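A short write-up of the structure that comes next.
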Amino acid sequence: MKSVLRVSGLALASLLLSSLVSWAGPKIVSGPGANPACFKPWSDQTKFFQWEKKPGPYRIAVVNGFVGNTWRIQMIKTAKAFADQPGIKENIKEFKVVSTGTDVAAQLGAMEDFINQGFDAIVTIAVAPDGFDRIIRLADKNNVVVVPFDNILDTDKVMMVNEDQKEMGRMSAKWLINESGKTSGDILEVRGLPGNSVDRDRHLGFREVMEAPGNNFKITEVVGNWDSGTSQKVTADALAVHGHFDGVFTQGGSDGTVRAMIDAKHPFVPMSGEGENEFRKQIADHYKEGLKGMSYGQSPALVAISIKAAISALQGNVMPQLISIPIPVADYKTLKDGENYWSNLSANFFAPNQFLPCGVTFTAPEIMAQSEANLK
Amino acid sequence: MSNSTISNAPFSEPRMSGMPMPATWPRRRLGGDLLIRLRQNIGVVTAIGLFCVIYLFYHFAHPKGFSSAVFVQNADEVFTLAMVAMAQTLPVLAAGLDLSVGAVMTMVGCLASYLMSGAAQGTPIEFSFGGTSHVLAVLPGGVIGIIIGVIICFVAGTLAGFVNGCVVVYGRIQPIIATLATGAIYIGIALFLRPTPGGKIDEDLNWALTNSLQDFASTVHIFDDGNAPWFAPLGAIPVPFILIVVIALVVWVPFRRSVTGRSVYAIGSAEGAAYMSGLRIDRAKLAAFTLAGFFAGCGGLFLAIQTSSGNADIPQAGAYTLNSIAAVVIGGTSLLGGTGGAIGSIFGALILRVISFFFRIFDIAPLLQPLFEGIILLAAVSIGALRVLRVKNTLELFR
């Protein structure tokens, strides 16, 4: 038994050794970081990174996963527009955007290819919260800054940018409880794309508050894939089966869920959902009839902040390992036409797009009005 | 099927073009033999040619073209798809379609994320393996444990394929429907194993298998950590490339040459005729699906090792299934069955991947990339269809 332990100790030691040798990457330093108004550390425990300063301008790649919903398209357009903006443009020598689909091997491959090509930074929406160890190892070896955002990774070895997804779930739950004034009842939860961290964290945050002691909610869960059409269908199914809900929480495709309720002649109830312009229009139109809505927004402009963070890191600034972006929230009391929603625009897009502390100055309609050709 | 049997009957030309020549035929002159073989495998040859052209172009355009790092990256990215494409080839050769290959891949990947994660913290068997502690320190985490894990994964994939085969053969259900159902079951098992992505795979195993032979040798400490002089010229070869060659040579080639393998071709060519000729149809179909499960399992195992985790990702499973069919077609295997082969499918998978490589080098508007990918794919598939132009008798089109 003793020898067994010794051998396993040896094995473990050599494992640690072999992993330590070839890893370079960022130094862990003490804060505060650069530009704290924009790059706000996630919490007091957040580590700070510092990379070796590289001379600019830089080569930056955005490796998107899934493409094909409004959010991702708006994100890509925002990325292109931001990279072209004065103040950012001078720092970028080459800028590439690719989408690899839901295939993790293709995304890993694309990131590795950009590392091989000698890119300085890779901004990415990971298709899974795990599985990027090899890329992180390679990036550290080659001094490449990898910045996952939106669907971030379950690791503290890379710099990441996100809004607090759990908090979105929590604030949605609190909203439903406050607006309905009840601690029990039937609630519909429309979830997002299964398998990634955003869906998981919003769900966990929501359940944390709803299932707290003293509450007695019956929650029906359906999967809407963050997509209006899918959400509309699954909400219609849920309404057909359950008949009545006292409140609705949706992670996305929120306008589809509202439309299904209208179609089923379901009375309007308190609801919290994503930041789609269409959803905000619905709230503005129907809040008097009971659609007491709250709209939080995962902004597609996260990509712009991630690009900015990557440049800042390459310039040798001290950066928080996990950067928290405040959640832009609007509810039926604070919605204002032309400011946080646009009643005259019918194309669906995500309303929150401006982050002034980070120099992201364009509004969502400005972004969506630009065609691909203008952005090249 | 019976229709095509009849329409084929008047043509004496051997139509099971993927088949090796039966031994009883007199050997012809080498040149003529080669020409016939080329013509019989025109789909595969076209795929290889197309791949060579675009891949060379890719390397010339790449700032670090022809370097080991690029080859390694390419091999990593293509391995799983190539495996799943090989898996898809077998049912397609038998004029079926396997919609569960992506699901089997995902299920085995999720399984692997358990089997190879805990190895380091010691199931004692691994460490009490003799006094040969040096050998054990080679791949920390216990080589034996990992080997056992690999074997279990192989068995799981094979078993899944075997179940598919049983449902098709003994249940007498169309393969496309049977595998749609079993695929859902396998995805269900995968979700049961990994409701949320996670798991851990030995870091060095990941590093060793997803790199060049040089890195492999230095990670597992063989051949003087890969510094042996004779080893140097081989050092740049990617490990996944070696794996794929080994699997193709050890599993696929013997199968294709066996009676069972040729029966699979015969079934796809004309099932009725194959039956009347006394071939063991059931056994061949069962073998085709079982082997498909094995290949898909290999893909899942590698994906798990590559990502150091398991993820029951349903959209990803679907994407792999669809891409596997595309790879099979690009690789020169007819969806009607009877012609083609797994080697072609490997090249089909390569072509499919290389097309997307270009987006990383050239500046193509991101939202137009799927459009370009589709156009190039359509062109690639169309090249295989050019033979139609040379057809002398319209009846031949039905083959």
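The chains in the structure tokens are called A, B, ... from first to last as shown; in each chain the residues are counted from 1, and the ligands are counted from 1 in the order shown.
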
Within 8 Å of stretch 244-247 of chain A, counting only C-alpha atoms, which residues show up once you throw out same-chain ones fewer than 4 positions away? Write them as an mmCIF file with C-alpha atoms, in the first residue's frame, please.
```
data_model
loop_
_atom_site.group_PDB
_atom_site.id
_atom_site.type_symbol
_atom_site.label_atom_id
_atom_site.label_comp_id
_atom_site.auth_asym_id
_atom_site.auth_seq_id
_atom_site.Cartn_x
_atom_site.Cartn_y
_atom_site.Cartn_z
ATOM 1 C CA LEU A 176 -41.830 37.805 -11.022
ATOM 2 C CA SER A 180 -47.220 39.110 -8.924
ATOM 3 C CA GLY A 185 -48.290 29.637 -8.395
ATOM 4 C CA ASP A 186 -47.569 28.199 -11.828
ATOM 5 C CA ILE A 187 -44.530 29.581 -13.591
ATOM 6 C CA LEU A 188 -43.320 28.903 -17.134
ATOM 7 C CA LEU A 239 -50.168 26.612 -22.655
ATOM 8 C CA HIS A 266 -53.874 33.720 -22.352
ATOM 9 C CA VAL A 269 -49.024 38.083 -16.730
ATOM 10 C CA PRO A 270 -45.773 39.383 -15.243
ATOM 11 C CA MET A 271 -42.873 38.290 -17.377
#
```

query = What residues in stretch 16-156 of chain A get the DSSP label strand (DSSP E)? Please answer as a PyMOL selection string.
reply = chain A and resi 27-29+40-41+48-50+58-64+92-99+121-124+145-148

remark   = For A:Ala313, the closest of A:Ser43, A:Asn143, A:Asn116, A:Ser30 counting only C-alpha atoms is A:Asn143

request  = Can you work out the spacing between atom CA of B:Leu56 and atom CA of B:Pro366 in Å, to one decimal?
outcome  = 23.6 Å

Return as a short mmCIF file (atom, residue, chain, number, x, y, z; two decimals) with C-alpha atoms, in the first residue's frame the full set of residues in stretch 70-300 of chain A whose backbone-based DSSP assignment is helix (DSSP H, G or I).
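The resulting file, out_21.cif, is shown below:
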```cif
data_model
loop_
_atom_site.label_atom_id
_atom_site.label_comp_id
_atom_site.auth_asym_id
_atom_site.auth_seq_id
_atom_site.Cartn_x
_atom_site.Cartn_y
_atom_site.Cartn_z
CA THR A 70 -30.25 37.62 -34.70
CA TRP A 71 -28.02 37.96 -31.68
CA ARG A 72 -25.02 36.37 -33.35
CA ILE A 73 -25.50 38.40 -36.52
CA GLN A 74 -25.75 41.61 -34.53
CA MET A 75 -22.65 40.53 -32.61
CA ILE A 76 -20.67 39.98 -35.82
CA LYS A 77 -21.78 43.33 -37.22
CA THR A 78 -20.86 45.04 -33.96
CA ALA A 79 -17.43 43.41 -34.04
CA LYS A 80 -16.77 44.66 -37.57
CA ALA A 81 -18.03 48.15 -36.85
CA PHE A 82 -16.06 48.40 -33.63
CA ALA A 83 -12.81 47.24 -35.26
CA LYS A 89 -8.67 50.85 -35.91
CA GLU A 90 -5.11 52.11 -35.38
CA ASN A 91 -4.42 49.20 -33.05
CA VAL A 104 -16.26 21.95 -31.05
CA ALA A 105 -13.49 20.33 -33.10
CA ALA A 106 -13.92 22.97 -35.80
CA GLN A 107 -13.83 25.77 -33.26
CA LEU A 108 -10.72 24.38 -31.59
CA GLY A 109 -9.20 23.97 -35.04
CA ALA A 110 -9.96 27.54 -36.05
CA MET A 111 -8.45 28.92 -32.85
CA GLU A 112 -5.35 26.81 -33.25
CA ASP A 113 -5.05 27.89 -36.87
CA PHE A 114 -5.07 31.53 -35.83
CA ILE A 115 -2.43 30.81 -33.20
CA ASN A 116 -0.36 29.13 -35.92
CA ASP A 133 -7.34 23.15 -22.30
CA ARG A 134 -5.17 22.41 -25.29
CA ILE A 135 -5.88 25.80 -26.87
CA ILE A 136 -5.16 27.62 -23.62
CA ARG A 137 -1.90 25.70 -23.33
CA LEU A 138 -0.94 26.58 -26.91
CA ALA A 139 -2.01 30.20 -26.55
CA ASP A 140 0.06 30.61 -23.39
CA LYS A 141 3.03 29.01 -25.10
CA GLN A 165 -25.82 35.22 -16.04
CA LYS A 166 -26.81 33.90 -12.63
CA GLU A 167 -27.77 37.40 -11.59
CA MET A 168 -30.03 37.66 -14.65
CA GLY A 169 -31.81 34.55 -13.48
CA ARG A 170 -32.03 35.88 -9.93
CA MET A 171 -33.32 39.32 -10.93
CA SER A 172 -35.90 37.68 -13.20
CA ALA A 173 -37.15 35.56 -10.34
CA LYS A 174 -37.31 38.54 -7.99
CA TRP A 175 -39.19 40.51 -10.64
CA LEU A 176 -41.83 37.81 -11.02
CA ILE A 177 -42.25 37.50 -7.27
CA ASN A 178 -42.50 41.25 -6.74
CA GLU A 179 -44.83 41.95 -9.65
CA SER A 180 -47.22 39.11 -8.92
CA SER A 197 -22.95 27.82 -19.65
CA VAL A 198 -25.29 30.79 -20.25
CA ASP A 199 -28.36 28.56 -20.29
CA ARG A 200 -27.17 26.67 -17.24
CA ASP A 201 -26.28 29.73 -15.16
CA ARG A 202 -29.46 31.69 -15.89
CA HIS A 203 -31.46 28.61 -14.99
CA LEU A 204 -29.55 28.07 -11.76
CA GLY A 205 -29.90 31.72 -10.71
CA PHE A 206 -33.62 31.67 -11.45
CA ARG A 207 -34.20 28.47 -9.51
CA GLU A 208 -32.08 29.69 -6.62
CA VAL A 209 -34.57 32.49 -5.86
CA MET A 210 -37.76 30.72 -6.93
CA SER A 228 -38.43 33.24 -31.36
CA GLY A 229 -39.98 30.51 -33.50
CA THR A 230 -39.00 27.67 -31.19
CA SER A 231 -40.06 29.64 -28.12
CA GLN A 232 -43.43 30.40 -29.67
CA LYS A 233 -43.99 26.73 -30.44
CA VAL A 234 -42.95 25.35 -27.07
CA THR A 235 -44.90 28.07 -25.22
CA ALA A 236 -47.99 27.22 -27.24
CA ASP A 237 -47.53 23.56 -26.32
CA ALA A 238 -47.07 24.39 -22.66
CA LEU A 239 -50.17 26.61 -22.65
CA ALA A 240 -52.21 23.87 -24.31
CA VAL A 241 -51.17 21.39 -21.66
CA HIS A 242 -51.19 23.57 -18.55
CA SER A 254 -39.07 36.37 -25.71
CA ASP A 255 -41.29 37.91 -28.39
CA GLY A 256 -42.22 34.42 -29.59
CA THR A 257 -43.37 33.49 -26.12
CA VAL A 258 -45.55 36.63 -25.90
CA ARG A 259 -47.01 35.92 -29.33
CA ALA A 260 -47.93 32.39 -28.29
CA MET A 261 -49.72 33.81 -25.24
CA ILE A 262 -51.61 36.30 -27.37
CA ASP A 263 -52.58 33.54 -29.84
CA ASN A 277 -36.58 45.14 -29.42
CA GLU A 278 -39.74 43.27 -30.39
CA PHE A 279 -40.26 42.10 -26.81
CA ARG A 280 -39.79 45.61 -25.49
CA LYS A 281 -42.35 46.86 -28.01
CA GLN A 282 -44.78 44.22 -26.77
CA ILE A 283 -44.24 45.32 -23.17
CA ALA A 284 -44.83 48.95 -24.11
CA ASP A 285 -48.00 48.03 -25.98
CA HIS A 286 -49.52 45.70 -23.43
CA TYR A 287 -48.23 46.57 -19.96
CA LYS A 288 -51.53 48.24 -19.13
CA GLU A 289 -53.28 44.92 -19.82
#
```

task = May I have the residues within 8 Å of A:Glu221 as a PyMOL selection string, using only C-alpha atoms and disregarding those fewer than 5 positions away in the same chain?
result = chain A and resi 188-191

Residues from last step as file, C-alpha atoms, as a CSV table (one decimal), in the first residue's frame:
```csv
chain,number,residue,atom,x,y,z
A,188,LEU,CA,-43.3,28.9,-17.1
A,189,GLU,CA,-39.6,28.8,-17.7
A,190,VAL,CA,-38.4,28.9,-21.3
A,191,ARG,CA,-34.8,27.8,-21.4
```

ask   = Using only C-alpha atoms, which residue out of A:Gly65, A:Gly338, A:Gly87, A:Pro320 lies closest to chain B?
value =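 Counting only C-alpha atoms, the residue closest to chain B is A:Gly65.
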
remark   = With distances taken over only C-alpha atoms, the candidate from A:Lys265, A:Lys336, A:Lys40, A:Lys96 nearest chain B is A:Lys96

task = For A:Ile92, work out the shell of residues within 6 Å, counting only C-alpha atoms and skipping chain neighbours fewer than 5 positions away, then give it as a list in words.
result = Pro57, Tyr58 and Arg59 of chain A

task = Skip stretch 253-255 of chain B itself and residues of its chain fewer than 3 positions away, then list as a ChimeraX atom specification all residues within 12 Å of it, counting only C-alpha atoms.
result = /B:19-20,86,90,245-250,258-265,284,287-288,290-292,341-343

So that I have them on file, write out the residues from the current selection with N, CA and C atoms, as a PDB file, in the first residue's frame.
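What landed in selection.pdb:
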```pdb
ATOM      1  N   MET B  19     -15.249  -3.529 -55.699  1.00  0.00           N
ATOM      2  CA  MET B  19     -14.760  -4.833 -55.256  1.00  0.00           C
ATOM      3  C   MET B  19     -13.402  -5.167 -55.839  1.00  0.00           C
ATOM      4  N   PRO B  20     -12.580  -5.810 -55.017  1.00  0.00           N
ATOM      5  CA  PRO B  20     -11.330  -6.319 -55.584  1.00  0.00           C
ATOM      6  C   PRO B  20     -11.670  -7.450 -56.542  1.00  0.00           C
ATOM      7  N   MET B  86     -16.153   7.525 -41.968  1.00  0.00           N
ATOM      8  CA  MET B  86     -15.878   6.106 -42.220  1.00  0.00           C
ATOM      9  C   MET B  86     -17.034   5.265 -41.703  1.00  0.00           C
ATOM     10  N   LEU B  90     -20.142   2.541 -44.240  1.00  0.00           N
ATOM     11  CA  LEU B  90     -20.551   1.133 -44.291  1.00  0.00           C
ATOM     12  C   LEU B  90     -22.042   0.950 -44.519  1.00  0.00           C
ATOM     13  N   VAL B 245      -4.384   6.271 -40.222  1.00  0.00           N
ATOM     14  CA  VAL B 245      -3.794   5.310 -41.161  1.00  0.00           C
ATOM     15  C   VAL B 245      -3.861   3.914 -40.563  1.00  0.00           C
ATOM     16  N   VAL B 246      -3.538   3.813 -39.274  1.00  0.00           N
ATOM     17  CA  VAL B 246      -3.554   2.498 -38.621  1.00  0.00           C
ATOM     18  C   VAL B 246      -4.969   1.913 -38.635  1.00  0.00           C
ATOM     19  N   ILE B 247      -5.952   2.735 -38.262  1.00  0.00           N
ATOM     20  CA  ILE B 247      -7.325   2.225 -38.220  1.00  0.00           C
ATOM     21  C   ILE B 247      -7.777   1.793 -39.615  1.00  0.00           C
ATOM     22  N   ALA B 248      -7.429   2.597 -40.620  1.00  0.00           N
ATOM     23  CA  ALA B 248      -7.826   2.254 -41.983  1.00  0.00           C
ATOM     24  C   ALA B 248      -7.178   0.937 -42.419  1.00  0.00           C
ATOM     25  N   LEU B 249      -5.889   0.778 -42.111  1.00  0.00           N
ATOM     26  CA  LEU B 249      -5.171  -0.407 -42.579  1.00  0.00           C
ATOM     27  C   LEU B 249      -5.528  -1.646 -41.772  1.00  0.00           C
ATOM     28  N   VAL B 250      -5.738  -1.467 -40.475  1.00  0.00           N
ATOM     29  CA  VAL B 250      -5.945  -2.637 -39.628  1.00  0.00           C
ATOM     30  C   VAL B 250      -7.404  -3.070 -39.609  1.00  0.00           C
ATOM     31  N   SER B 258     -12.593  -9.112 -46.987  1.00  0.00           N
ATOM     32  CA  SER B 258     -13.224 -10.342 -46.516  1.00  0.00           C
ATOM     33  C   SER B 258     -14.507 -10.605 -47.304  1.00  0.00           C
ATOM     34  N   VAL B 259     -15.002 -11.822 -47.183  1.00  0.00           N
ATOM     35  CA  VAL B 259     -16.254 -12.176 -47.856  1.00  0.00           C
ATOM     36  C   VAL B 259     -17.385 -11.300 -47.335  1.00  0.00           C
ATOM     37  N   THR B 260     -17.392 -11.089 -46.012  1.00  0.00           N
ATOM     38  CA  THR B 260     -18.441 -10.267 -45.417  1.00  0.00           C
ATOM     39  C   THR B 260     -18.386  -8.855 -45.994  1.00  0.00           C
ATOM     40  N   GLY B 261     -17.183  -8.323 -46.108  1.00  0.00           N
ATOM     41  CA  GLY B 261     -17.028  -6.973 -46.640  1.00  0.00           C
ATOM     42  C   GLY B 261     -17.536  -6.877 -48.062  1.00  0.00           C
ATOM     43  N   ARG B 262     -17.167  -7.877 -48.857  1.00  0.00           N
ATOM     44  CA  ARG B 262     -17.628  -7.835 -50.248  1.00  0.00           C
ATOM     45  C   ARG B 262     -19.128  -8.045 -50.339  1.00  0.00           C
ATOM     46  N   SER B 263     -19.653  -8.794 -49.377  1.00  0.00           N
ATOM     47  CA  SER B 263     -21.110  -8.979 -49.362  1.00  0.00           C
ATOM     48  C   SER B 263     -21.812  -7.647 -49.131  1.00  0.00           C
ATOM     49  N   VAL B 264     -21.192  -6.774 -48.313  1.00  0.00           N
ATOM     50  CA  VAL B 264     -21.794  -5.465 -48.061  1.00  0.00           C
ATOM     51  C   VAL B 264     -21.924  -4.703 -49.376  1.00  0.00           C
ATOM     52  N   TYR B 265     -20.856  -4.751 -50.179  1.00  0.00           N
ATOM     53  CA  TYR B 265     -20.916  -4.104 -51.494  1.00  0.00           C
ATOM     54  C   TYR B 265     -22.004  -4.736 -52.357  1.00  0.00           C
ATOM     55  N   ALA B 284     -23.753  -9.808 -43.185  1.00  0.00           N
ATOM     56  CA  ALA B 284     -23.030  -8.667 -43.746  1.00  0.00           C
ATOM     57  C   ALA B 284     -23.616  -7.351 -43.241  1.00  0.00           C
ATOM     58  N   ALA B 287     -22.649  -6.834 -39.714  1.00  0.00           N
ATOM     59  CA  ALA B 287     -21.249  -6.448 -39.636  1.00  0.00           C
ATOM     60  C   ALA B 287     -21.073  -4.985 -40.022  1.00  0.00           C
ATOM     61  N   ALA B 288     -21.798  -4.550 -41.062  1.00  0.00           N
ATOM     62  CA  ALA B 288     -21.656  -3.168 -41.527  1.00  0.00           C
ATOM     63  C   ALA B 288     -22.041  -2.190 -40.415  1.00  0.00           C
ATOM     64  N   THR B 290     -22.273  -2.801 -37.185  1.00  0.00           N
ATOM     65  CA  THR B 290     -21.411  -2.950 -36.014  1.00  0.00           C
ATOM     66  C   THR B 290     -20.105  -2.199 -36.211  1.00  0.00           C
ATOM     67  N   LEU B 291     -19.539  -2.372 -37.397  1.00  0.00           N
ATOM     68  CA  LEU B 291     -18.279  -1.691 -37.676  1.00  0.00           C
ATOM     69  C   LEU B 291     -18.487  -0.175 -37.695  1.00  0.00           C
ATOM     70  N   ALA B 292     -19.648   0.248 -38.193  1.00  0.00           N
ATOM     71  CA  ALA B 292     -19.961   1.677 -38.179  1.00  0.00           C
ATOM     72  C   ALA B 292     -19.957   2.193 -36.743  1.00  0.00           C
ATOM     73  N   GLY B 341     -15.979   3.624 -50.826  1.00  0.00           N
ATOM     74  CA  GLY B 341     -15.214   3.010 -49.752  1.00  0.00           C
ATOM     75  C   GLY B 341     -14.861   4.016 -48.681  1.00  0.00           C
ATOM     76  N   ALA B 342     -14.392   3.494 -47.564  1.00  0.00           N
ATOM     77  CA  ALA B 342     -14.120   4.343 -46.409  1.00  0.00           C
ATOM     78  C   ALA B 342     -12.917   5.264 -46.634  1.00  0.00           C
ATOM     79  N   ILE B 343     -11.962   4.810 -47.456  1.00  0.00           N
ATOM     80  CA  ILE B 343     -10.799   5.658 -47.708  1.00  0.00           C
ATOM     81  C   ILE B 343     -11.259   6.943 -48.397  1.00  0.00           C
TER      82      ILE B 343
END
```
